[in-house]
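Student: Please find one structure pasted underneath; my questions will follow.
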Amino acid sequence: MNISKHIEYTLLTPTTTEREIIDLCYEAIQNDFYSVCINSSYVALASQLLENSPTKVCSVVGFPFGAMSTDAKVFEAKKAIEDGAEEIEMVINLGFLKSKNYVSVLKDISDVKMAIGNTTLKVILEISELNKNEIIKACEICLDANVDFIKTSSGFSKGGATLTATKIIKKTIKDSAKITASGDIEDLETSMKYLEVGVHRIGFNALLNKKAKKARPIS
């Protein structure tokens, strides 16, 4: 099975250079990946590089902690779309969630969703920081906010995707939203396990290819 179209090719480290973004986009085109996922400062560059390619540009906002103001997330999301982003990926406010301030969690996500209109919105839950009940509640809030995707992890916390948490997400949201599994997924065999439990996309870290001269197609 060729899973290239399920791959979100990510490069989100703060030290990422322009050259690395160029390489990222080239490798994404080579491998026919669904999208590149990058910080908003590089959206304009990536959009230019991928202009004649089916590979989409996804920008993170409020990354990686999700603890900035809602207004800041809204501004960053709108600017990213202006620069050419076709998808927005925001981090849930974990502090609000753990404070059980669910109204503020919902407002945070809903305001971004309203600001970007029909543009795809993905929300990162950071499952390594949450217990089962918190994962379920976060998913319910995401559904109330009409998000398009729920993503397991940012890759900047203490752990990434797990099959157990992914199954909890799937059981909670059913088919009302889609799932991206990200973090600690490094090969085809692991990717297939996530696709089999209902995941739609896999976040694949471009740094895993850093020691190679070019990206190896996943097929």
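Every chain in the structure tokens takes a letter, A first, then B, and so on in the order presented; its residues are numbered from 1, and the ligands are numbered from 1 following the presented order.
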Would you kindly return, as a list of chain:residue names, each protein, DNA or RNA residue with an atom no farther than 12 Å from any atom of A:Leu143, considering only C-alpha atoms and excluding same-chain residues fewer than 4 positions away?
Tutor: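 In the requested format, the answer is A:Leu106, A:Ile109, A:Ser110, A:Lys113, A:Leu121, A:Lys122, A:Val123, A:Ile136, A:Lys137, A:Ala138, A:Cys139, A:Val147, A:Asp148, A:Phe149, A:Ile150, A:Ile169, A:Thr172, A:Ile173, A:Lys174, A:Asp175, A:Ser176, A:Ala177, A:Lys178.
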Student: Out of stretch 10-114 of chain A, which residues get helix (DSSP H, G or I) from DSSP, as a PyMOL selection string?
Tutor: chain A and resi 18-31+40-49+70-83+94-98+102-114
Student: Save out the residues we just selected, C-alpha atoms, as an mmCIF file, in the first residue's frame.
Tutor:
```cif
data_model
loop_
_atom_site.group_PDB
_atom_site.id
_atom_site.type_symbol
_atom_site.label_atom_id
_atom_site.label_comp_id
_atom_site.auth_asym_id
_atom_site.auth_seq_id
_atom_site.Cartn_x
_atom_site.Cartn_y
_atom_site.Cartn_z
ATOM 1 C CA GLU A 18 15.424 28.495 4.540
ATOM 2 C CA ARG A 19 17.563 25.823 2.880
ATOM 3 C CA GLU A 20 15.894 23.146 4.990
ATOM 4 C CA ILE A 21 12.435 24.408 3.978
ATOM 5 C CA ILE A 22 13.465 24.244 0.333
ATOM 6 C CA ASP A 23 14.675 20.669 0.840
ATOM 7 C CA LEU A 24 11.491 19.793 2.733
ATOM 8 C CA CYS A 25 9.298 20.977 -0.133
ATOM 9 C CA TYR A 26 11.448 19.217 -2.728
ATOM 10 C CA GLU A 27 11.259 15.925 -0.803
ATOM 11 C CA ALA A 28 7.500 16.300 -0.364
ATOM 12 C CA ILE A 29 7.079 16.730 -4.124
ATOM 13 C CA GLN A 30 9.411 13.794 -4.821
ATOM 14 C CA ASN A 31 7.446 11.500 -2.550
ATOM 15 C CA SER A 40 4.100 30.342 9.929
ATOM 16 C CA SER A 41 7.241 32.375 9.183
ATOM 17 C CA TYR A 42 8.006 30.042 6.274
ATOM 18 C CA VAL A 43 4.536 29.751 4.774
ATOM 19 C CA ALA A 44 5.149 32.299 2.023
ATOM 20 C CA LEU A 45 8.347 30.540 0.930
ATOM 21 C CA ALA A 46 6.777 27.085 0.973
ATOM 22 C CA SER A 47 3.693 28.305 -0.902
ATOM 23 C CA GLN A 48 5.907 29.676 -3.643
ATOM 24 C CA LEU A 49 7.902 26.434 -3.869
ATOM 25 C CA THR A 70 -6.675 33.594 21.415
ATOM 26 C CA ASP A 71 -6.235 36.905 19.610
ATOM 27 C CA ALA A 72 -2.614 35.995 18.898
ATOM 28 C CA LYS A 73 -3.659 32.628 17.463
ATOM 29 C CA VAL A 74 -6.332 34.272 15.314
ATOM 30 C CA PHE A 75 -3.874 36.837 13.963
ATOM 31 C CA GLU A 76 -1.256 34.201 13.165
ATOM 32 C CA ALA A 77 -3.820 31.965 11.463
ATOM 33 C CA LYS A 78 -5.183 34.766 9.274
ATOM 34 C CA LYS A 79 -1.680 35.903 8.325
ATOM 35 C CA ALA A 80 -0.677 32.332 7.441
ATOM 36 C CA ILE A 81 -3.663 31.998 5.112
ATOM 37 C CA GLU A 82 -2.826 35.360 3.561
ATOM 38 C CA ASP A 83 0.680 33.975 2.901
ATOM 39 C CA LEU A 94 -3.765 22.766 27.970
ATOM 40 C CA GLY A 95 -3.828 25.058 30.993
ATOM 41 C CA PHE A 96 -7.460 25.990 30.400
ATOM 42 C CA LEU A 97 -8.336 22.345 29.800
ATOM 43 C CA LYS A 98 -6.688 21.159 33.017
ATOM 44 C CA TYR A 102 -14.011 24.442 29.157
ATOM 45 C CA VAL A 103 -15.760 27.620 28.009
ATOM 46 C CA SER A 104 -12.380 29.252 27.365
ATOM 47 C CA VAL A 105 -11.054 26.151 25.594
ATOM 48 C CA LEU A 106 -14.070 26.182 23.300
ATOM 49 C CA LYS A 107 -13.806 29.910 22.642
ATOM 50 C CA ASP A 108 -10.105 29.615 21.839
ATOM 51 C CA ILE A 109 -10.748 27.005 19.150
ATOM 52 C CA SER A 110 -14.017 28.465 17.869
ATOM 53 C CA ASP A 111 -12.535 31.933 17.370
ATOM 54 C CA VAL A 112 -9.761 30.514 15.203
ATOM 55 C CA LYS A 113 -12.259 28.398 13.264
ATOM 56 C CA MET A 114 -14.508 31.398 12.617
#
```
Student: For A:Thr166, list every protein, DNA or RNA residue within 12 Å, evaluated using only C-alpha atoms, and leave out those in the same chain fewer than 6 positions away; present the list as a PyMOL selection string.
Tutor: chain A and resi 125-128+132+135-136+139+150-153+160+172-174+178-183+193-200+202
Student: Quick one, how far is atom CA of A:Phe63 from atom CA of A:Phe204?
Tutor: 17.0 Å
Student: Per DSSP on the backbone, filter stretch 30-203 of chain A down to the residues in strand (DSSP E) and report them as a count of residues only.
Tutor: 32
Student: One decimal, in Å: what's the spacing between atom CA of A:Asn39 and atom CA of A:Asp144?
Tutor: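 Here the two named atoms are 26.5 Å from each other.
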Student: Using only C-alpha atoms, which of the listed residues (A:Ser157, A:Asn146, A:Ser35, A:Ser191) sits closest to A:Gly117?
Tutor: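 Of A:Ser157, A:Asn146, A:Ser35, A:Ser191, the one nearest A:Gly117, counting only C-alpha atoms, is A:Asn146.
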Student: So how many Å separate atom CA of A:Ser154 and atom CA of A:Pro54, to one decimal?
Tutor: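 Atom-to-atom, atom CA of A:Ser154 and atom CA of A:Pro54 are spaced 24.2 Å apart.
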Student: Using only C-alpha atoms, which of the listed residues (A:Val91, A:Lys170, A:Phe65, A:Ile38) sits closest to A:Thr16?
Tutor: A:Ile38
